[in-house]
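Below is one structure, written out as structure tokens; the observations come after it.
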Amino acid sequence: MVASPGAADAVRRARAMPSLRVGLHLVLVEATPASPPERIPDLVASDGRFRTDMSRLGFDVAFKPRVRRQMIAEIAAQFLAFRATGLPLDHVNAHKHFHLHPMIGAAAIALGQKFGARAIRVPTEPVAIIRGIEPAAAGLSALLLGHWTRILRGQARRAGMAAPDAVFGLAWSGAMTRERIANLLRRLPPGVIEIYTHPAAATTFPGHAPGYCYTDELAALTDPACVAAVREAGYLRGGFTDA
């Protein structure tokens, strides 16, 4: 989130860890834009921040050419801001998976290629694995997102951009606990796998999502049992630029 208040600190930390593979998290809702608000008036509210009505914005992008042009300009501005950090660009995804919108996904892929991105997240989460750990867990990807993930995967494939075979973090978004991550790591399918979390040192901060267990997710990532499970899984660890 290159225009967020914590972006400079995140860049500083990333530079201190050259083996870390960093991607661009595109944002078009509920945050601060990279462009001056007057250049993207249809994307922002009166306070200059992105709109919060995601469904309506998606409709406007689809059916209003001027909104679509502003969307493309803002995505380009975020790629330019990432380039200015000097960090290598490993992959791209979007806040709230908004790149599942076919026009936003197309823009993210086209601009991502120009700026050197190797891959894009396609949020396909295998429901059987999630329910094998928690039988009552919701399978968001298959039940709600299947059609849109197929479109995005097709867009990426036609463009020659890589995508993970499976992504974990949807069903338990904001609640990737030690137990869930450790169990998940022992059940991973073959292929290229992405596991995402939202770790933080506090539970409340500007822009936090109510109900998210940020500190629990941070604890999970540093838990010895989870670290051991990663090693035992036998997967090569890294980013798309390592492939």
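Residues in the structure tokens are named by chain (A, B, ... in the order shown) and by number from 1 within that chain; ligands are numbered from 1 in the order shown.
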(request) Taking the chain letters and numbering used in this document, name the residues of stretch 72-236 of chain A that DSSP puts in strand (DSSP E), as a list in words. (result) His91, Val92, Asn93, Ala94, Ala119, Ile120, Ala166, Val167, Phe168, Ile193, Glu194 and Ile195 of chain A
(request) Quick one: everything within 8 Å of stretch 89-106 of chain A, counting only C-alpha atoms, minus sequence neighbours fewer than 2 positions away in the same chain. Send it as a count of residues only. (result) 38
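Taking atom CA of A:Arg12 and atom CA of A:Pro88 as the two end points, the separation is 13.5 Å.
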(request) Provide the atom CA of A:Arg13 to atom CA of A:Leu218 distance in Å, to one decimal place. (result)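 Value for the atom CA of A:Arg13-atom CA of A:Leu218 distance: 15.9 Å.
The smallest atom-to-atom distance between A:Ser4 and any of A:Ala136, A:Ala219, A:Ala34, A:Ile195, using only C-alpha atoms, is found for A:Ala34.
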(request) Would you mind writing down, as a PyMOL selection string, each residue of stretch 3-167 of chain A that DSSP on the backbone assigns to helix (DSSP H, G or I)? (result) chain A and resi 7-15+37-39+54-63+65-85+95-100+102-114+127-133+140-159
(message) When you look at stretch 225-235 of chain A with a cut-off of 10 Å (counting only C-alpha atoms), what residues show up, excluding the ones that are within fewer than 2 positions of it in the same chain? I need them as an MDAnalysis selection string.
(response) chainID A and resid 177:188 190:193 219:223 237:238
(request) Could you give me, as a PyMOL selection string, the residues within 10 Å of A:Thr204, counting only C-alpha atoms and dropping anything in the same chain fewer than 4 positions from it? (result) chain A and resi 200+208-215
(request) Tell me which of A:Ser35, A:Pro5, A:Tyr196, A:Ala171 sits closest to A:Glu134, counting only C-alpha atoms. (result) A:Ala171
(request) Go through A:Val127, A:Ala162, A:Leu111, A:Leu145 one by one, measure the shortest atom-to-atom distance of each to A:Ala77 using only C-alpha atoms, and give the residue with the smallest value. (result)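 Looking only at the distances to A:Ala77, the closest residue turns out to be A:Leu111.
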